[in-house]
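Participant: Below are the structure tokens for one structure; questions will follow.
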Amino acid sequence: MADSSKAPFAFEGLDRVLHEKARLSIMTSLADHPKGLSFTELRELCGLTDGNLSRHVQILEEAGMVSVTKGFEGRRPLTTCKLTDEGRARFSDYLGVLEQVLRSARRKDAPEKNLREKFT
């Protein structure tokens, strides 16, 4: 792992599992709905096809971030997705790193600017 003082823009905390558009959308949707969402609700919120949503939820479930419960509502099958405690913590950590990325990108005296001035 790179020394963050020497590589301030490495952003090692960007979790590769979460740093994908569809999975970021799923995690954001579930974070906003602590009781969980049905597969259909999640699909509509994220704008994904059944197959794409299913695959991305599977990846998040295998990573321990999302729990999937299959049951019935009346006679209809019902799949519900919910953030696990680990998923909520990892997502919170990930958002903290994204905030750091934004602060660094907006900082007036960013190290990259200083390096550019030093070598020009």
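Lettering and numbering for the structure tokens are positional, with chains as A, B, ... in the shown order, residues counted from 1 in each chain, and ligands counted from 1 in the shown order.
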Need the shell around range 25-32 of chain A: protein/DNA/RNA residues with any atom at most 8 Å away, counting only C-alpha atoms. Skip same-chain ones fewer than 4 positions apart. Format as an MDAnalysis selection string?
Facilitator: chainID A and resid 18 21 36:37 42 45:46 57 81:83 88 91
Participant: Just list the residues in chain A DSSP gives strand (DSSP E) on the backbone, as a list in words.
Facilitator: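 Put together, the selection reads Leu37, Ser38, Val66, Ser67, Val68, Thr69, Lys70, Gly71, Phe72, Glu73, Arg76, Pro77, Leu78, Thr79, Thr80, Cys81, Lys82 and Leu83 of chain A.
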Participant: Write the residues of the selection above to a file with N, CA and C atoms, as a PDB file, in the first residue's frame.
Facilitator:
ATOM      1  N   LEU A  37     -35.655  -3.031   0.727  1.00  0.00           N
ATOM      2  CA  LEU A  37     -36.497  -2.793  -0.446  1.00  0.00           C
ATOM      3  C   LEU A  37     -36.757  -4.110  -1.158  1.00  0.00           C
ATOM      4  N   SER A  38     -37.905  -4.185  -1.784  1.00  0.00           N
ATOM      5  CA  SER A  38     -38.167  -5.358  -2.610  1.00  0.00           C
ATOM      6  C   SER A  38     -37.292  -5.272  -3.850  1.00  0.00           C
ATOM      7  N   VAL A  66     -24.894  -6.872   1.766  1.00  0.00           N
ATOM      8  CA  VAL A  66     -26.344  -6.891   1.556  1.00  0.00           C
ATOM      9  C   VAL A  66     -26.871  -8.270   1.942  1.00  0.00           C
ATOM     10  N   SER A  67     -28.020  -8.282   2.594  1.00  0.00           N
ATOM     11  CA  SER A  67     -28.692  -9.556   2.865  1.00  0.00           C
ATOM     12  C   SER A  67     -29.909  -9.645   1.951  1.00  0.00           C
ATOM     13  N   VAL A  68     -30.162 -10.847   1.469  1.00  0.00           N
ATOM     14  CA  VAL A  68     -31.290 -11.088   0.570  1.00  0.00           C
ATOM     15  C   VAL A  68     -32.197 -12.106   1.236  1.00  0.00           C
ATOM     16  N   THR A  69     -33.466 -11.743   1.350  1.00  0.00           N
ATOM     17  CA  THR A  69     -34.457 -12.619   1.948  1.00  0.00           C
ATOM     18  C   THR A  69     -35.506 -12.958   0.897  1.00  0.00           C
ATOM     19  N   LYS A  70     -35.759 -14.254   0.730  1.00  0.00           N
ATOM     20  CA  LYS A  70     -36.781 -14.684  -0.235  1.00  0.00           C
ATOM     21  C   LYS A  70     -37.955 -15.242   0.552  1.00  0.00           C
ATOM     22  N   GLY A  71     -39.126 -14.809   0.163  1.00  0.00           N
ATOM     23  CA  GLY A  71     -40.328 -15.265   0.837  1.00  0.00           C
ATOM     24  C   GLY A  71     -41.525 -15.055  -0.069  1.00  0.00           C
ATOM     25  N   PHE A  72     -42.665 -14.909   0.557  1.00  0.00           N
ATOM     26  CA  PHE A  72     -43.901 -14.710  -0.201  1.00  0.00           C
ATOM     27  C   PHE A  72     -44.700 -13.582   0.421  1.00  0.00           C
ATOM     28  N   GLU A  73     -45.392 -12.862  -0.425  1.00  0.00           N
ATOM     29  CA  GLU A  73     -46.371 -11.870   0.005  1.00  0.00           C
ATOM     30  C   GLU A  73     -47.678 -12.375  -0.579  1.00  0.00           C
ATOM     31  N   ARG A  76     -47.534 -14.500  -3.943  1.00  0.00           N
ATOM     32  CA  ARG A  76     -46.492 -14.003  -4.845  1.00  0.00           C
ATOM     33  C   ARG A  76     -45.115 -14.083  -4.184  1.00  0.00           C
ATOM     34  N   PRO A  77     -44.119 -14.511  -4.950  1.00  0.00           N
ATOM     35  CA  PRO A  77     -42.755 -14.508  -4.407  1.00  0.00           C
ATOM     36  C   PRO A  77     -42.300 -13.075  -4.132  1.00  0.00           C
ATOM     37  N   LEU A  78     -41.542 -12.905  -3.060  1.00  0.00           N
ATOM     38  CA  LEU A  78     -41.041 -11.584  -2.687  1.00  0.00           C
ATOM     39  C   LEU A  78     -39.582 -11.708  -2.266  1.00  0.00           C
ATOM     40  N   THR A  79     -38.716 -10.998  -2.982  1.00  0.00           N
ATOM     41  CA  THR A  79     -37.296 -10.940  -2.634  1.00  0.00           C
ATOM     42  C   THR A  79     -37.024  -9.561  -2.065  1.00  0.00           C
ATOM     43  N   THR A  80     -36.453  -9.530  -0.867  1.00  0.00           N
ATOM     44  CA  THR A  80     -36.157  -8.265  -0.199  1.00  0.00           C
ATOM     45  C   THR A  80     -34.648  -8.151   0.018  1.00  0.00           C
ATOM     46  N   CYS A  81     -34.126  -6.964  -0.245  1.00  0.00           N
ATOM     47  CA  CYS A  81     -32.699  -6.679  -0.061  1.00  0.00           C
ATOM     48  C   CYS A  81     -32.550  -5.624   1.026  1.00  0.00           C
ATOM     49  N   LYS A  82     -31.524  -5.808   1.844  1.00  0.00           N
ATOM     50  CA  LYS A  82     -31.304  -4.899   2.962  1.00  0.00           C
ATOM     51  C   LYS A  82     -29.809  -4.816   3.235  1.00  0.00           C
ATOM     52  N   LEU A  83     -29.339  -3.634   3.655  1.00  0.00           N
ATOM     53  CA  LEU A  83     -27.937  -3.493   4.043  1.00  0.00           C
ATOM     54  C   LEU A  83     -27.674  -4.266   5.330  1.00  0.00           C
TER      55      LEU A  83
END
Participant: Record the distance separating CA of Leu95 in chain A and CA of Gly64 in chain A, expressed in Å with one decimal.
Facilitator: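 It comes out at 17.6 Å.
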Participant: Would you mind telling me which residue in A:Ala89, A:Val101, A:Leu53, A:Leu60 lies nearest to Val17 in chain A when using only C-alpha atoms?
Facilitator: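 Comparing A:Ala89, A:Val101, A:Leu53, A:Leu60 against Val17 in chain A, the winner is A:Leu60.
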Participant: What is the CA of Glu44 in chain A to CA of Ala22 in chain A distance in Å?
Facilitator: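 Computing it gives 12.2 Å between the two atoms.
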Participant: If you run DSSP on this backbone, which residues of chain A come out as alpha helix (DSSP H), and could you give them as a ChimeraX atom specification?
Facilitator: /A:21-31,39-46,50-62,85-106,111-118
